[in-house]
Amino acid sequence: MEKIKIGFVGCGSFANTVHYPSLNEIKDVEIISICDINQERLKKTAEKYKVEKIYTDYKKMFEEVNLDGVYIIMPPHHLYDIVIDALKRKLNVFIEKPPGITTFQTKNFADLAEKNGCKTMVGFNRRFIPLLRKSKEIVEEKGPIIQAVSTFYKNTYPEFLYYNGAIDILTCDAIHSVDVLRWLCGEAKNVKSVIKSYFSDVPNAFNSIIEFENGATGILLTNWTVGKRIHTFEIHSKGISAFVDCNDKALIFKDNKDEPEILSVSEIAGSNEYYKFYGYYYEDRHFIDCLKENKEPECNFSDALKTMELVEKIYRNNISL
């Protein structure tokens with residue numbers, strides 16, 4: 001079996017929780033080099049995954065190692081120069097969300113990737129959660145999606161900032177909910193938002209109603225000041241509704257029947273491992289398959305740019321100013 005040769009820039013806790021174990025399990029992948037400025041973390045990761053080529057300078061790794069693709073996993077405000085350098089070298093690139101700090105940065109990524117023929121992917125893992133994909137598939141068997149609700153709640157007030165304020169809540173994390181609405185419904189036509197700062201100096205609640213070009217309605221409900229982390233989705237079509245909690249189960253109601261069809265998250269994923277049932281393994285599998293088949297990943301840089309543009313529209317159309 002021909003193996004895809006992957007390099008990593010970054011071996012922090014998140015990469016080690018989801019991406020290293022996922023790729024290590026994919027038999028047609030070989031992690032052949034990793035880079036990190038933290039030498040203790042670098043050595044520990046290299047030993048765990050039996051990687052011989054280790055670097056503290058990513059440019060040296062790019063120059064010395066023949067890679068089919070590179071994972072650049074780090075905070076968004078540290079991404080830009082490394083991603084641009086990789087794309088200039090015509091490397092295929094996987095990054096986590098968000099794809100940079102601004103829409104302008106993301107557009108630069110997308111333009112350079114297209115110019116140099118690079119396959120790219122942004123880790124919007126919710127699209128690849130088996131339970132959510134299955135629920136979408138079941139709903140669409142009855143017809144096109146006419147309404148969707150994407151909720152994301154957390155308890156982080158009052159002083160919480162992502163990366164000491166380098167990036168806002170909506171762009172950094174709640175963007176997952178924005179991206180799922182795009183994935184379910186298409187491209188936005190009209191957007192109206194209510195953005196609030198509760199018990200905080202920064203905006204931490206983003207609620208929007210979105211009319212999509214295909215006629216579907218999307219509702220975004222996010223708030224970082226409430227009881228606990230709750231992240232759920234609703235998908236509706238004619239005569240069918242899916243209520244999805246990607247950490248637990250989906251309830252599928254059809255044709256006015258009282259009893260729902262119940263889908264278990266672990267049963268649909270075939271695993272109780274977090275990196276599998278929460279979609280990380282499957283997004284990594286998708287990226288590797290696209291490299292092997294020479295096709296664009298589903299959420300490439302150009303597609304991610306559209307999600308970033310929708311985030312901008314949510315800010316721009318705030319009616320509570």
# chains A, B, ... in the order shown; residues from 1 in each chain; ligands from 1

call {"tool": "select_by_dssp", "arguments": {"residues": "stretch 65-290 of chain A", "states": "strand (DSSP E or B)", "output": "PDB file with C-alpha atoms, in the first residue's frame"}}
result
ATOM      1  CA  GLY A  69       1.121  17.087   2.926  1.00  0.00           C
ATOM      2  CA  VAL A  70       1.690  19.045   6.095  1.00  0.00           C
ATOM      3  CA  TYR A  71      -0.505  19.562   9.154  1.00  0.00           C
ATOM      4  CA  ILE A  72       0.012  22.990  10.697  1.00  0.00           C
ATOM      5  CA  VAL A  93      -1.880  21.894   3.803  1.00  0.00           C
ATOM      6  CA  PHE A  94      -4.286  20.979   6.621  1.00  0.00           C
ATOM      7  CA  ILE A  95      -4.985  23.573   9.331  1.00  0.00           C
ATOM      8  CA  GLU A  96      -7.445  23.825  12.191  1.00  0.00           C
ATOM      9  CA  THR A 120      -6.001  22.367   1.377  1.00  0.00           C
ATOM     10  CA  MET A 121      -8.371  21.688   4.249  1.00  0.00           C
ATOM     11  CA  VAL A 122      -9.668  23.482   7.323  1.00  0.00           C
ATOM     12  CA  GLY A 123     -10.649  21.358  10.317  1.00  0.00           C
ATOM     13  CA  GLN A 147     -34.789  25.011   8.314  1.00  0.00           C
ATOM     14  CA  ALA A 148     -31.783  24.395  10.550  1.00  0.00           C
ATOM     15  CA  VAL A 149     -30.790  25.505  14.040  1.00  0.00           C
ATOM     16  CA  SER A 150     -27.200  25.540  15.261  1.00  0.00           C
ATOM     17  CA  THR A 151     -26.628  26.130  18.977  1.00  0.00           C
ATOM     18  CA  PHE A 152     -23.399  26.499  20.924  1.00  0.00           C
ATOM     19  CA  TYR A 153     -23.374  27.467  24.599  1.00  0.00           C
ATOM     20  CA  LYS A 154     -20.508  27.735  27.066  1.00  0.00           C
ATOM     21  CA  ASN A 155     -19.768  29.082  30.536  1.00  0.00           C
ATOM     22  CA  TYR A 162      -9.159  33.464  23.298  1.00  0.00           C
ATOM     23  CA  ILE A 167      -9.176  36.640  18.204  1.00  0.00           C
ATOM     24  CA  ALA A 188     -26.480  33.116   2.848  1.00  0.00           C
ATOM     25  CA  LYS A 189     -28.741  35.688   1.193  1.00  0.00           C
ATOM     26  CA  ASN A 190     -29.925  37.819   4.124  1.00  0.00           C
ATOM     27  CA  VAL A 191     -28.584  38.019   7.679  1.00  0.00           C
ATOM     28  CA  LYS A 192     -29.900  39.742  10.793  1.00  0.00           C
ATOM     29  CA  SER A 193     -28.097  39.444  14.121  1.00  0.00           C
ATOM     30  CA  VAL A 194     -28.291  40.398  17.768  1.00  0.00           C
ATOM     31  CA  ILE A 195     -24.814  40.523  19.299  1.00  0.00           C
ATOM     32  CA  LYS A 196     -24.427  41.138  23.026  1.00  0.00           C
ATOM     33  CA  ALA A 205     -23.410  36.127  22.568  1.00  0.00           C
ATOM     34  CA  PHE A 206     -24.122  35.886  18.844  1.00  0.00           C
ATOM     35  CA  ASN A 207     -27.653  35.150  17.663  1.00  0.00           C
ATOM     36  CA  SER A 208     -28.712  35.352  14.022  1.00  0.00           C
ATOM     37  CA  ILE A 209     -31.463  34.470  11.618  1.00  0.00           C
ATOM     38  CA  ILE A 210     -30.193  33.728   8.133  1.00  0.00           C
ATOM     39  CA  GLU A 211     -32.108  33.367   4.890  1.00  0.00           C
ATOM     40  CA  PHE A 212     -30.226  31.182   2.438  1.00  0.00           C
ATOM     41  CA  THR A 217     -33.826  29.442   7.077  1.00  0.00           C
ATOM     42  CA  GLY A 218     -30.923  29.076   9.489  1.00  0.00           C
ATOM     43  CA  ILE A 219     -30.892  30.099  13.129  1.00  0.00           C
ATOM     44  CA  LEU A 220     -27.662  30.628  15.069  1.00  0.00           C
ATOM     45  CA  LEU A 221     -27.858  30.608  18.870  1.00  0.00           C
ATOM     46  CA  THR A 222     -24.602  31.064  20.781  1.00  0.00           C
ATOM     47  CA  ASN A 223     -23.807  32.418  24.222  1.00  0.00           C
ATOM     48  CA  THR A 225     -22.145  33.095  29.616  1.00  0.00           C
ATOM     49  CA  VAL A 226     -24.699  30.387  30.367  1.00  0.00           C
ATOM     50  CA  GLY A 227     -24.897  27.142  32.343  1.00  0.00           C
ATOM     51  CA  LYS A 228     -22.443  24.787  30.604  1.00  0.00           C
ATOM     52  CA  ARG A 229     -21.183  23.613  27.238  1.00  0.00           C
ATOM     53  CA  ILE A 230     -24.165  22.540  25.117  1.00  0.00           C
ATOM     54  CA  HIS A 231     -23.712  22.115  21.379  1.00  0.00           C
ATOM     55  CA  THR A 232     -26.699  20.864  19.392  1.00  0.00           C
ATOM     56  CA  PHE A 233     -28.261  20.998  15.939  1.00  0.00           C
ATOM     57  CA  GLU A 234     -31.724  20.767  14.406  1.00  0.00           C
ATOM     58  CA  ILE A 235     -32.363  19.785  10.791  1.00  0.00           C
ATOM     59  CA  HIS A 236     -35.867  20.037   9.327  1.00  0.00           C
ATOM     60  CA  SER A 237     -37.514  19.097   6.030  1.00  0.00           C
ATOM     61  CA  ILE A 240     -39.173  15.130   9.239  1.00  0.00           C
ATOM     62  CA  SER A 241     -37.028  16.670  11.968  1.00  0.00           C
ATOM     63  CA  ALA A 242     -33.684  15.662  13.441  1.00  0.00           C
ATOM     64  CA  PHE A 243     -32.526  16.874  16.863  1.00  0.00           C
ATOM     65  CA  VAL A 244     -28.838  16.103  17.193  1.00  0.00           C
ATOM     66  CA  ASP A 245     -26.531  16.150  20.211  1.00  0.00           C
ATOM     67  CA  LYS A 249     -27.653  10.870  20.286  1.00  0.00           C
ATOM     68  CA  ALA A 250     -29.992  12.070  17.560  1.00  0.00           C
ATOM     69  CA  LEU A 251     -33.784  11.954  17.702  1.00  0.00           C
ATOM     70  CA  ILE A 252     -35.458  11.617  14.291  1.00  0.00           C
ATOM     71  CA  PHE A 253     -39.175  12.456  14.207  1.00  0.00           C
ATOM     72  CA  LYS A 254     -41.160  11.555  11.066  1.00  0.00           C
ATOM     73  CA  GLU A 261     -35.965   6.943  15.774  1.00  0.00           C
ATOM     74  CA  ILE A 262     -32.967   7.147  18.102  1.00  0.00           C
ATOM     75  CA  LEU A 263     -29.413   7.110  16.761  1.00  0.00           C
ATOM     76  CA  SER A 264     -26.547   6.591  19.223  1.00  0.00           C
TER      77      SER A 264
END

call {"tool": "select_by_dssp", "arguments": {"residues": "stretch 180-238 of chain A", "states": "helix (DSSP H, G or I)", "output": "list of chain:residue names"}}
result
A:Val180, A:Leu181, A:Arg182, A:Trp183, A:Leu184, A:Cys185

call {"tool": "write_last_selection", "arguments": {"atoms": "N, CA and C atoms", "output": "mmCIF file, in the first residue's frame"}}
result
data_model
loop_
_atom_site.group_PDB
_atom_site.id
_atom_site.type_symbol
_atom_site.label_atom_id
_atom_site.label_comp_id
_atom_site.auth_asym_id
_atom_site.auth_seq_id
_atom_site.Cartn_x
_atom_site.Cartn_y
_atom_site.Cartn_z
ATOM 1 N N VAL A 180 -21.549 24.917 10.170
ATOM 2 C CA VAL A 180 -22.542 23.854 10.022
ATOM 3 C C VAL A 180 -23.797 24.371 9.314
ATOM 4 N N LEU A 181 -24.225 25.594 9.624
ATOM 5 C CA LEU A 181 -25.390 26.159 8.930
ATOM 6 C C LEU A 181 -25.122 26.273 7.432
ATOM 7 N N ARG A 182 -23.933 26.706 7.058
ATOM 8 C CA ARG A 182 -23.575 26.770 5.628
ATOM 9 C C ARG A 182 -23.581 25.379 5.013
ATOM 10 N N TRP A 183 -23.010 24.429 5.704
ATOM 11 C CA TRP A 183 -22.933 23.055 5.204
ATOM 12 C C TRP A 183 -24.328 22.462 5.010
ATOM 13 N N LEU A 184 -25.247 22.781 5.920
ATOM 14 C CA LEU A 184 -26.600 22.259 5.827
ATOM 15 C C LEU A 184 -27.451 22.983 4.798
ATOM 16 N N CYS A 185 -27.282 24.296 4.698
ATOM 17 C CA CYS A 185 -28.247 25.120 3.949
ATOM 18 C C CYS A 185 -27.707 25.817 2.705
#

call {"tool": "residues_around", "arguments": {"residues": "A:Lys27", "least_positions_apart": "5", "cutoff": "12 Å", "atoms": "only C-alpha atoms", "output": "JSON, numbers by chain"}}
result
{"A": [1, 2, 3, 4, 5, 21, 22, 285, 288, 289]}

call {"tool": "write_last_selection", "arguments": {"atoms": "N, CA and C atoms", "output": "mmCIF file, in the first residue's frame"}}
result
data_model
loop_
_atom_site.group_PDB
_atom_site.id
_atom_site.type_symbol
_atom_site.label_atom_id
_atom_site.label_comp_id
_atom_site.auth_asym_id
_atom_site.auth_seq_id
_atom_site.Cartn_x
_atom_site.Cartn_y
_atom_site.Cartn_z
ATOM 1 N N MET A 1 0.846 -1.194 0.000
ATOM 2 C CA MET A 1 0.000 0.000 0.000
ATOM 3 C C MET A 1 0.879 1.242 0.000
ATOM 4 N N GLU A 2 0.651 2.106 -0.986
ATOM 5 C CA GLU A 2 1.415 3.351 -1.043
ATOM 6 C C GLU A 2 0.955 4.276 0.079
ATOM 7 N N LYS A 3 1.914 4.786 0.843
ATOM 8 C CA LYS A 3 1.576 5.614 1.988
ATOM 9 C C LYS A 3 1.777 7.089 1.683
ATOM 10 N N ILE A 4 0.850 7.898 2.191
ATOM 11 C CA ILE A 4 0.944 9.347 2.095
ATOM 12 C C ILE A 4 1.891 9.834 3.188
ATOM 13 N N LYS A 5 2.882 10.610 2.785
ATOM 14 C CA LYS A 5 3.900 11.077 3.725
ATOM 15 C C LYS A 5 3.489 12.441 4.303
ATOM 16 N N PRO A 21 -3.340 10.677 16.886
ATOM 17 C CA PRO A 21 -3.920 9.327 16.981
ATOM 18 C C PRO A 21 -4.747 8.938 15.761
ATOM 19 N N SER A 22 -5.419 9.894 15.144
ATOM 20 C CA SER A 22 -6.204 9.592 13.940
ATOM 21 C C SER A 22 -5.302 9.137 12.805
ATOM 22 N N ARG A 285 -9.221 11.309 7.500
ATOM 23 C CA ARG A 285 -9.362 10.297 6.446
ATOM 24 C C ARG A 285 -9.758 10.964 5.118
ATOM 25 N N ILE A 288 -6.676 12.757 3.560
ATOM 26 C CA ILE A 288 -5.750 11.788 2.981
ATOM 27 C C ILE A 288 -6.316 11.214 1.681
ATOM 28 N N ASP A 289 -7.598 10.875 1.665
ATOM 29 C CA ASP A 289 -8.217 10.355 0.441
ATOM 30 C C ASP A 289 -8.135 11.363 -0.694
#

call {"tool": "residues_around", "arguments": {"residues": "stretch 268-282 of chain A", "least_positions_apart": "6", "cutoff": "6 Å", "atoms": "only C-alpha atoms", "output": "list in words"}}
result
Val18, Ser22, Asn125, Phe128, Ile129, Pro130 and Leu131 of chain A

call {"tool": "write_last_selection", "arguments": {"atoms": "N, CA and C atoms", "output": "mmCIF file, in the first residue's frame"}}
result
data_model
loop_
_atom_site.group_PDB
_atom_site.id
_atom_site.type_symbol
_atom_site.label_atom_id
_atom_site.label_comp_id
_atom_site.auth_asym_id
_atom_site.auth_seq_id
_atom_site.Cartn_x
_atom_site.Cartn_y
_atom_site.Cartn_z
ATOM 1 N N VAL A 18 -6.241 14.565 19.014
ATOM 2 C CA VAL A 18 -7.105 14.150 17.907
ATOM 3 C C VAL A 18 -6.375 13.792 16.616
ATOM 4 N N SER A 22 -5.419 9.894 15.144
ATOM 5 C CA SER A 22 -6.204 9.592 13.940
ATOM 6 C C SER A 22 -5.302 9.137 12.805
ATOM 7 N N ASN A 125 -14.532 20.092 11.926
ATOM 8 C CA ASN A 125 -14.782 18.669 12.174
ATOM 9 C C ASN A 125 -16.253 18.319 12.335
ATOM 10 N N PHE A 128 -17.924 16.294 9.815
ATOM 11 C CA PHE A 128 -17.502 14.903 9.665
ATOM 12 C C PHE A 128 -17.907 14.017 10.831
ATOM 13 N N ILE A 129 -18.699 14.575 11.759
ATOM 14 C CA ILE A 129 -19.222 13.755 12.851
ATOM 15 C C ILE A 129 -20.206 12.750 12.252
ATOM 16 N N PRO A 130 -19.945 11.458 12.387
ATOM 17 C CA PRO A 130 -20.822 10.467 11.749
ATOM 18 C C PRO A 130 -22.294 10.626 12.105
ATOM 19 N N LEU A 131 -22.606 10.950 13.361
ATOM 20 C CA LEU A 131 -23.992 11.107 13.775
ATOM 21 C C LEU A 131 -24.666 12.265 13.037
#

call {"tool": "atom_distance", "arguments": {"atom1": "atom CA of A:Glu213", "atom2": "atom CA of A:Glu114"}}
result
25.6 Å

call {"tool": "atom_distance", "arguments": {"atom1": "atom CA of A:Ser135", "atom2": "atom CA of A:Asp248"}}
result
13.0 Å

call {"tool": "residues_around", "arguments": {"residues": "A:Asp57", "least_positions_apart": "4", "cutoff": "12 Å", "atoms": "only C-alpha atoms", "output": "list of chain:residue names"}}
result
A:Phe8, A:Val9, A:Gly10, A:Ser33, A:Ile34, A:Cys35, A:Asp36, A:Ile37, A:Asn38, A:Gln39, A:Leu42, A:Lys53, A:Met61, A:Phe62, A:Glu63, A:Glu64, A:Ile82

call {"tool": "residues_around", "arguments": {"residues": "stretch 305-309 of chain A", "least_positions_apart": "2", "cutoff": "7 Å", "atoms": "only C-alpha atoms", "output": "VMD selection string"}}
result
chain A and resid 103 106 to 107 178 to 179 301 to 303 311 to 313

call {"tool": "residues_around", "arguments": {"residues": "stretch 90-92 of chain A", "least_positions_apart": "4", "cutoff": "10 Å", "atoms": "only C-alpha atoms", "output": "list of chain:residue names"}}
result
A:Ile6, A:Phe62, A:Asn66, A:Leu67, A:Asp68, A:Gly69, A:Val70, A:Tyr71, A:Val83, A:Ile84, A:Asp85, A:Ala86, A:Leu112, A:Ala113, A:Lys115, A:Asn116, A:Gly117, A:Cys118, A:Lys119, A:Thr120, A:Met121, A:Phe287, A:Leu291

call {"tool": "closest_residue", "arguments": {"among": "A:Gly7, A:Lys43, A:Pro98, A:Val202", "to": "A:Val65", "atoms": "only C-alpha atoms"}}
result
A:Gly7

call {"tool": "closest_atom_pairs", "arguments": {"of": "stretch 160-214 of chain A", "to": "stretch 75-78 of chain A", "cutoff": "9 Å", "atoms": "only C-alpha atoms", "output": "tab-separated table"}}
result
residue	atom	partner	partner_atom	distance
A:Tyr163	CA	A:Pro75	CA	7.7
A:Ala166	CA	A:His77	CA	6.7
A:Ile167	CA	A:His77	CA	7.7
A:Cys172	CA	A:Pro76	CA	8.0

call {"tool": "write_last_selection", "arguments": {"atoms": "C-alpha atoms", "output": "CSV table (one decimal), in the first residue's frame"}}
result
chain,number,residue,atom,x,y,z
A,163,TYR,CA,-5.4,33.7,23.2
A,166,ALA,CA,-5.9,37.8,19.7
A,167,ILE,CA,-9.2,36.6,18.2
A,172,CYS,CA,-12.4,31.5,16.9

call {"tool": "closest_residue", "arguments": {"among": "A:Lys257, A:Lys44, A:Lys134, A:Lys142", "to": "A:Ser13", "atoms": "only C-alpha atoms"}}
result
A:Lys44
